Every structure is written in structure tokens, then in C-alpha cells.
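K.L.:
The structure's right below; bear with me while I get my questions together.
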2 protein chains.
Amino acid sequence: MRIGELSRRTGVSVPTIKFYVREGLLPAGRLTSPNQASYEETHVRRLRLIRALIDVGGLSVAAVREVIAAVDDPGRPIHDLLGEAAVRMVPRYGAEPAGEDGEDGEGGGEEDAGLVAARERVDALILKRNWRCFPGSPAAEALAVALAALGSVGHERFAEVLDDYAEAAERVARADLDYVAHQVAREELVESVAVGTVLGDALFAALRRLAQIDASDRLFGGGEQRKE
Amino acid sequence: MRIGELSRRTGVSVPTIKFYVREGLLPAGRLTSPNQASYEETHVRRLRLIRALIDVGGLSVAAVREVIAAVDDPGRPIHDLLGEAAVRMVPRYGAEPAGEDGEDGEGGGEEDAGLVAARERVDALILKRNWRCFPGSPAAEALAVALAALGSVGHERFAEVLDDYAEAAERVARADLDYVAHQVAREELVESVAVGTVLGDALFAALRRLAQIDASDRLFGGGEQRKE
DNA sequence: ACTATCTGATAGTGCCACTATCTATGATGG
DNA sequence: CCATCATAGATAGTGGCACTATCAGATAGT
């Protein structure tokens with residue numbers, strides 16, 4: 001098919017498709033003449049993947065490029081890909097802009113002691129749950145950053161629910177792996193991991209919200225059946 | 001304290017603090033003279049909340065403004081706040097830029113079939129789990145969008161793990177409510193909900209990643225004890 | 001008195017994700 | 001055969017966002 005049809009099939013404008021090709025997200029079409037190229041079903045599929053990662057997963061174009069590079073690299077171990085898809089989440093802020101704070105105190109002199117303490121907590125959790133991952137991994141660091149942020153806004157006690165969260169996370173991860181293991185071809189498996197990781201976050205976040213609304217209604221709404 | 005100290009205490013530059021005040025995220029300081037204002041501990045706290053929501057939660061300034069407006073509004077029901085914090089997630093794309101696809105048809109007011117089917121799935125899930133929330137809520141719609149995106153990239157079977165996800169989400173939501181219910185003052189409760197919702201997502205995502213790495217290692221890594 | 005700091009205002013910066021426009025070609029159909 | 005349309009590839013421009021820079025005039029503290 002030609003670019004016009006590709007555009008129609010995916011709802012992505014022609015200039016944007018060209019932009020994605022330039023940016024290395026989408027392979028160029030096969031040239032049938034100097035100014036004519038043909039696109040295949042793989043392009044449709046890839047384009048939908050790109051839009052899903054951007055729109056639903058909230059990834060930046062740069063992040064999508066890296067995820068796709070990982071998907072396309074046949075020598076890449078699955079673990080690596082997991083990390084790849086993971087770290088690129090939350091667009092336009094690679095990780096943390098360094099200075100979580102630089103304050104002097106508030107109740108004492110806790111510099112980024114909050115982050116250091118959070119890292120220790122994370123290491124302890126990993127040990128406790130017997131998770132096989134080395135403590136300095138990006139995911140562990142992201143967790144430490146989130147915990148430190150919670151602490152910095154005075155919600156250090158939120159860490160008390162960490163075990164419940166971890167339990168739920170294990171359950172979700174088991175479901176993820178279960179799904180992923182059904183794939184046969186390596187190519188599909190790898191894509192499943194990427195999709196599952198990124199879109200799974202969005203999926204779970206939405207479910208959590210629904211469950212929260214339900215729980216909140218039962219706790220605060222009391223008598224009423226439906227809350228508006 | 002004056003603005004310089006507020007800046008030092010929080011690690012946010014003075015121009016940025018002024019910017020947040022202009023944008024309505026942070027109340028202005030109390031003027032002690034025409035060109036001198038004093039800031040309190042509440043400003044430190046609020047500023048840290050803002051940075052946490054932006055840096056860790058990935059919210060945009062506009063989203064933070066709305067969350068904060070909900071926190072500050074004493075007449076706001078908790079449910080409303082839950083929705084508020086929820087919908088603003090994933091920056092710079094309020095919800096969905098409309099056209100998840102055009103498929104072939106794209107005819108006039110025609111809705112995407114994938115999305116319609118996803119909505120039905122969501123309604124069925126809500127019914128099945130007996131969740132008390134009206135089906136058209138933003139969270140339900142977000143879930144439908146995520147499911148539809150999964151379908152559009154050929155992973156409709158991912159929906160099979162939905163029940164496991166929902167189970168885990170309920171567990172997390174129970175933990176959230178448990179934490180939140182400890183708060184006494186309404187002000188604190190409401191802030192806990194906002195913080196817990198936004199930062200909780202980041203927290204859980206990181207935990208999920210760790211658990212995935214662990215599960216993946218057990219499945220694929222086999223013999224080795226530590227991966228790297 | 002002198003300097004560092006402050007308020008409030010306006011304008012500018014850099015990044016990002018597209019979009020617009022252009023030329024030169026080739027495809028398509030009556 | 002020729003008019004009209006679509007296309008590739010290149011370059012430049014747009015709009016949104018989150019800050020940043022600069023300024024004038026006033027004040028605080030030593």
C-alpha cells in the first residue's frame with residue numbers, strides 16, 4: 001500500500017508518518033521508484049504500536065525509539081528489554097532532575113538523607129521478598145525516588161503499605177509473565193513484554209482508580225448505593 | 001521566611017517559585033510591605049507537594065493546579081478528589097487525542113468499534129466485581145481506552161489477565177484506604193488521597209517492574225542467581 | 001550608606017511533537 | 001499524450017509548555 005492508505009488505516013497523518021520515519025520509529029517503505037514507496041501490514045502494526053505507546057503509555061518519541069530499538073534487536077535479552085521499557089516511562093523526565101531537595105532541615109538536617117534512607121528501605125524490601133534483582137537497578141532507584149518523595153511531603157508512613165503493594169505487584173507480575181509465556185516467536189514475545197509493561201501500567205492505574213472509588217464509597221459513602 | 005530561604009529549603013529556584021504563584025499552584029506570601037513578603041511552613045510543604053506531583057507523578061502544571069484546587073476546596077467530596085487526581089495523570093494529553101484509529105471506515109460520527117467493545121468489557125467487569133461506580137466515569141473510560149489500545153496492537157488476549165489485575169488493584173485500593181483512613185483532619189485526609197493516588201501509581205509501577213524482573217529471571221534466567 | 005535581597009511585570013528561551021511548504025518526480029486515466 | 005494527482009525528500013515553521021532572564025523600583029540589615 002502507499003503512504004496515503006497507511007495514513008487512512010491508522011489515523012496518523014502523512015506528514016506525521018514521515019516524521020516518524022525520520023525519527024527512526026518506523027522503517028521506511030520499500031522504494032518502487034525514486035518517488036514511490038510501498039508499505040506493508042507490518043507498518044500498520046508498528047504505527048499502531050507507536051501511537052499506543054505515545055497516547056496511552058505517555059512515552060515520548062525518544063522513549064518509543066529506544067523501546068522499539070530493543071524490540072528490533074534480536075540479540076537483546078528479555079531482561080534488558082524489561083528495563084528498557086520501564087525506565088522510559090514518564091515522558092520528558094528521564095528519571096529525576098537530580099535535586100529532590102537541597103534543604104536544610106525542616107526538622108533537622110536531612111539533605112537527601114531521605115533518598116539514602118529510601119534506598120535502604122528498598123534494598124531491605126528486595127531482600128525480604130527474595131527478589132532476584134540487583135539493588136542498584138533503575139526500577140529499584142525509581143522506587144527509592146518515589147518513597148523519598150513521599151517522605152519529603154510528610155507521608156513517610158505511606159511506606160507502611162509497601163508490603164501490600166509488593167504483594168499485589170507480584171501477583172500482577174505473575175499474570176504478566178503468564179501472558180507473555182504464551183507467545184511462541186521471539187519477536188512476539190519481546191513485543192508483548194514492551195506492550196504489557198507500558199500499557200499494563202496504564203491499565204492497572206485505571207483499575208486501581210476504580211477499586212479506590214469503590215472502596216472509598218464503601219467507607220465514606222455508607223448508605224447510598226451510587227455516588228455521583 | 002523570605003523567598004530566598006523558601007528557595008533554599010525546597011531546592012526550587014526563586015523565579016520558578018514566582019512562576020508557580022502566578023500559575024496559582026502556590027499561594028502568594030503575606031506582604032509585610034509593598035515589596036516584601038513572608039512565607040510559612042505551609043509554603044514549604046506545598047512546594048514539596050508540587051514538585052513531587054510534577055517530578056515523580058509526572059503531572060503537568062495545569063494538572064497540579066486542578067489537584068491542588070480540589071485539595072483546597074473544603075466542600076469537595078472525597079470521591080470527586082479521587083477522580084480529579086486520577087484523570088490528570090499522564091501529562092500533556094488530557095485523555096486521548098480522540099482518534100485512536102480510523103480503521104478503514106472513519107465515517108462521520110462513527111465511533112471506533114474497538115473502543116465500544118472495550119467499554120462493554122469494562123462495564124461487564126465492574127458488574128462482575130460489584131464495584132460501586134457508575135460506568136461512564138473517567139477511570140472506566142481510561143480503562144476502556146487502554147484495553148482498546150491493547151486490542152489495536154493485536155494484544156486483545158491481554159484482557160485475559162484482567163481479573164488478576166483487578167484482584168491486585170482491589171488489594172492496593174484496600175491498602176490505600178487503610179492508610180488514608182488513619183488521617184484525622186479533613187485537610188490531611190484529602191491531601192493523602194491526592195498524594196497516594198499520584199505517587200502511589202509511580203510506586204506501584206516501580207514495584208511491578210521489580211517483580212517482573214524477578215519473575216522473568218525465574219522463568220528465563222534459570223540457573224543464574226543474579227542477573228547483570 | 002551601602003549592598004544584598006525583594007516584588008511584580010514583561011519578555012525571552014529551549015525543548016518537543018508535530019505541520020507546512022516546496023521541488024522534482026512519477027503514477028493514473030481519459 | 002497530457003492533465004491531474006500522489007509521492008519522496010528536504011527545510012523551515014508552529015504552538016504548547018515549563019520555566020528563565022531582565023528590569024525598575026523598594027526595602028532589610030549591617
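Naming works like this for the C-alpha cells: A, B, ... for the chains as they're shown, residue 1 at the start of each chain, ligands 1 onward in shown order.
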Please build the interface table for chain B against chain C with a cut-off of 12 Å, listing for each qualifying residue the nearest atom pair and the distance in Å to one decimal; count only C-alpha atoms (C1' of nucleotides), order rows by chain and increasing number, and write it as JSON lines.
P.N.:
{"residue": "B:Met1", "atom": "CA", "partner": "C:DC6", "partner_atom": "C1'", "distance": 11.9}
{"residue": "B:Arg2", "atom": "CA", "partner": "C:DC6", "partner_atom": "C1'", "distance": 8.3}
{"residue": "B:Ile3", "atom": "CA", "partner": "C:DC6", "partner_atom": "C1'", "distance": 8.0}
{"residue": "B:Gly4", "atom": "CA", "partner": "C:DT5", "partner_atom": "C1'", "distance": 8.2}
{"residue": "B:Glu5", "atom": "CA", "partner": "C:DT5", "partner_atom": "C1'", "distance": 11.1}
{"residue": "B:Val14", "atom": "CA", "partner": "C:DC6", "partner_atom": "C1'", "distance": 10.7}
{"residue": "B:Pro15", "atom": "CA", "partner": "C:DT7", "partner_atom": "C1'", "distance": 11.5}
{"residue": "B:Lys18", "atom": "CA", "partner": "C:DG8", "partner_atom": "C1'", "distance": 9.5}
{"residue": "B:Phe19", "atom": "CA", "partner": "C:DG8", "partner_atom": "C1'", "distance": 11.4}
{"residue": "B:Val21", "atom": "CA", "partner": "C:DG8", "partner_atom": "C1'", "distance": 11.5}
{"residue": "B:Arg22", "atom": "CA", "partner": "C:DG8", "partner_atom": "C1'", "distance": 10.3}
{"residue": "B:Ala28", "atom": "CA", "partner": "C:DT7", "partner_atom": "C1'", "distance": 10.9}
{"residue": "B:Gly29", "atom": "CA", "partner": "C:DT7", "partner_atom": "C1'", "distance": 10.5}
{"residue": "B:Arg30", "atom": "CA", "partner": "C:DT7", "partner_atom": "C1'", "distance": 11.7}
{"residue": "B:Leu31", "atom": "CA", "partner": "C:DT7", "partner_atom": "C1'", "distance": 9.4}
{"residue": "B:Thr32", "atom": "CA", "partner": "C:DT7", "partner_atom": "C1'", "distance": 11.2}
{"residue": "B:Ser33", "atom": "CA", "partner": "C:DT7", "partner_atom": "C1'", "distance": 9.6}
{"residue": "B:Pro34", "atom": "CA", "partner": "C:DT7", "partner_atom": "C1'", "distance": 7.4}
{"residue": "B:Asn35", "atom": "CA", "partner": "C:DT7", "partner_atom": "C1'", "distance": 4.4}
{"residue": "B:Gln36", "atom": "CA", "partner": "C:DC6", "partner_atom": "C1'", "distance": 5.7}
{"residue": "B:Ala37", "atom": "CA", "partner": "C:DT7", "partner_atom": "C1'", "distance": 8.0}
{"residue": "B:Ser38", "atom": "CA", "partner": "C:DC6", "partner_atom": "C1'", "distance": 10.4}
{"residue": "B:Arg92", "atom": "CA", "partner": "C:DA17", "partner_atom": "C1'", "distance": 11.1}
K.L.:
Chain A vs chain B: Cα RMSD after least-squares superposition over all Cα in order?
P.N.:
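Rounded to one decimal, the C-alpha RMSD is 2.2 Å.
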K.L.:
Skip Val180 of chain B itself and residues of its chain fewer than 4 positions away, then list as JSON, numbers by chain all residues within 8 Å of it, counting only C-alpha atoms (C1' of nucleotides).
P.N.:
{"B": [176, 189, 192, 193]}
K.L.:
Output the selection as a PDB file, in the first residue's frame - N, CA and C atoms for each residue.
P.N.:
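Writing the result to out.pdb gives the following:
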ATOM      1  N   ASP B 176      -4.606   1.427  50.300  1.00  0.00           N
ATOM      2  CA  ASP B 176      -4.685   2.892  50.194  1.00  0.00           C
ATOM      3  C   ASP B 176      -5.680   3.449  51.196  1.00  0.00           C
ATOM      4  N   LEU B 189      -6.547  14.341  55.222  1.00  0.00           N
ATOM      5  CA  LEU B 189      -7.123  13.196  54.530  1.00  0.00           C
ATOM      6  C   LEU B 189      -7.126  13.434  53.029  1.00  0.00           C
ATOM      7  N   SER B 192      -3.780  13.296  51.558  1.00  0.00           N
ATOM      8  CA  SER B 192      -3.316  11.913  51.487  1.00  0.00           C
ATOM      9  C   SER B 192      -3.862  11.212  50.262  1.00  0.00           C
ATOM     10  N   VAL B 193      -5.108  11.499  49.966  1.00  0.00           N
ATOM     11  CA  VAL B 193      -5.718  10.869  48.805  1.00  0.00           C
ATOM     12  C   VAL B 193      -4.985  11.297  47.537  1.00  0.00           C
TER      13      VAL B 193
END
K.L.:
Define the interface residues of chain D facing chain B as those within 12 Å, counting only C-alpha atoms (C1' of nucleotides), and report them as a tab-separated table (two decimals) with N, CA, C and O atoms (P, O5', C5', C4', C3', O3' and C1' of nucleotides), in the first residue's frame.
P.N.:
chain	number	residue	atom	x	y	z
D	16	DG	P	-1.31	26.86	21.19
D	16	DG	O5'	-0.83	25.86	22.32
D	16	DG	C5'	-0.74	24.47	22.04
D	16	DG	C4'	0.23	23.85	23.02
D	16	DG	C3'	0.16	24.47	24.42
D	16	DG	O3'	0.06	23.41	25.36
D	16	DG	C1'	2.40	24.44	23.62
D	17	DC	P	-0.37	23.77	26.87
D	17	DC	O5'	0.98	23.51	27.65
D	17	DC	C5'	1.77	22.36	27.32
D	17	DC	C4'	3.15	22.54	27.86
D	17	DC	C3'	3.21	23.17	29.26
D	17	DC	O3'	3.89	22.27	30.10
D	17	DC	C1'	4.80	24.14	27.80
D	18	DA	P	3.55	22.30	31.70
D	18	DA	O5'	4.98	22.69	32.26
D	18	DA	C5'	6.09	21.89	31.91
D	18	DA	C4'	7.35	22.66	32.12
D	18	DA	C3'	7.41	23.42	33.47
D	18	DA	O3'	8.71	23.27	34.02
D	18	DA	C1'	7.82	24.89	31.70
D	19	DC	P	8.86	23.41	35.60
D	19	DC	O5'	8.73	25.00	35.85
D	19	DC	C5'	9.90	25.81	36.00
D	19	DC	C4'	10.64	25.99	34.67
D	19	DC	C3'	11.84	26.90	34.79
D	19	DC	O3'	12.98	26.26	34.22
D	19	DC	C1'	10.45	27.59	33.01
D	20	DT	P	14.42	26.53	34.86
D	20	DT	O5'	15.07	27.89	34.29
D	20	DT	C5'	14.50	28.63	33.52
D	20	DT	C4'	15.30	29.74	32.86
D	20	DT	C3'	16.14	30.64	33.76
D	20	DT	O3'	17.19	31.11	32.94
D	20	DT	C1'	14.29	31.84	32.93
D	21	DA	P	18.42	31.94	33.59
D	21	DA	O5'	18.60	33.14	32.56
D	21	DA	C5'	17.57	33.39	31.62
D	21	DA	C4'	17.57	34.85	31.21
D	21	DA	C3'	18.45	35.76	32.07
D	21	DA	O3'	19.04	36.70	31.20
D	21	DA	C1'	16.16	36.44	32.25
D	22	DT	P	20.09	37.77	31.67
D	22	DT	O5'	19.18	39.07	31.80
D	22	DT	C5'	18.29	39.40	30.73
D	22	DT	C4'	17.41	40.56	31.15
D	22	DT	C3'	18.10	41.60	32.05
D	22	DT	O3'	17.97	42.87	31.43
D	22	DT	C1'	15.98	41.01	32.92
D	25	DG	P	12.12	53.25	37.67
D	25	DG	O5'	11.61	53.02	39.15
D	25	DG	C5'	10.32	52.44	39.38
D	25	DG	C4'	10.34	51.74	40.72
D	25	DG	C3'	10.87	52.60	41.89
D	25	DG	O3'	9.86	52.64	42.88
D	25	DG	C1'	11.79	50.44	41.94
D	26	DA	P	10.08	53.52	44.19
D	26	DA	O5'	10.24	52.37	45.28
D	26	DA	C5'	9.13	51.47	45.46
D	26	DA	C4'	9.52	50.44	46.48
D	26	DA	C3'	9.96	51.01	47.84
D	26	DA	O3'	9.20	50.35	48.85
D	26	DA	C1'	11.58	49.48	47.01
D	27	DT	P	9.25	50.87	50.33
D	27	DT	O5'	10.23	49.79	50.97
D	27	DT	C5'	9.95	48.40	50.78
D	27	DT	C4'	11.10	47.60	51.33
D	27	DT	C3'	11.54	47.98	52.75
D	27	DT	O3'	11.27	46.85	53.55
D	27	DT	C1'	13.38	47.54	51.33
D	28	DA	P	11.56	46.75	55.07
D	28	DA	O5'	12.93	45.93	55.05
D	28	DA	C5'	12.96	44.61	54.48
D	28	DA	C4'	14.20	43.88	54.97
D	28	DA	C3'	14.54	44.13	56.44
D	28	DA	O3'	14.94	42.90	57.03
D	28	DA	C1'	16.30	44.97	55.03
K.L.:
If you measure from atom CA of Gly200 of chain A to atom CA of Leu219 of chain B, what distance in Å do you get, rounded to one decimal?
P.N.:
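According to the coordinates, atom CA of Gly200 of chain A and atom CA of Leu219 of chain B are separated by 19.5 Å.
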K.L.:
What is the distance between atom C1' of DG9 of chain D and atom CA of Leu26 of chain A, in Å to one decimal?
P.N.:
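Separation of atom C1' of DG9 of chain D and atom CA of Leu26 of chain A: 15.8 Å.
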K.L.:
Ala69 of chain B: which residues within 12 Å, counting only C-alpha atoms (C1' of nucleotides), same-chain residues fewer than 3 positions away excluded, as a ChimeraX atom specification?
P.N.:
/B:23-27,62-66,72-76,80-81,84-85,190-191,194
K.L.:
Using only C-alpha atoms (C1' of nucleotides), which residues sit within 12 Å of Ala124 of chain B once same-chain residues fewer than 4 positions away are excluded, as a ChimeraX atom specification?
P.N.:
/B:117-120,128-131,135,140,144,162-163
K.L.:
What is the atom CA of Arg48 of chain B to atom CA of Thr197 of chain B distance in Å?
P.N.:
16.1 Å
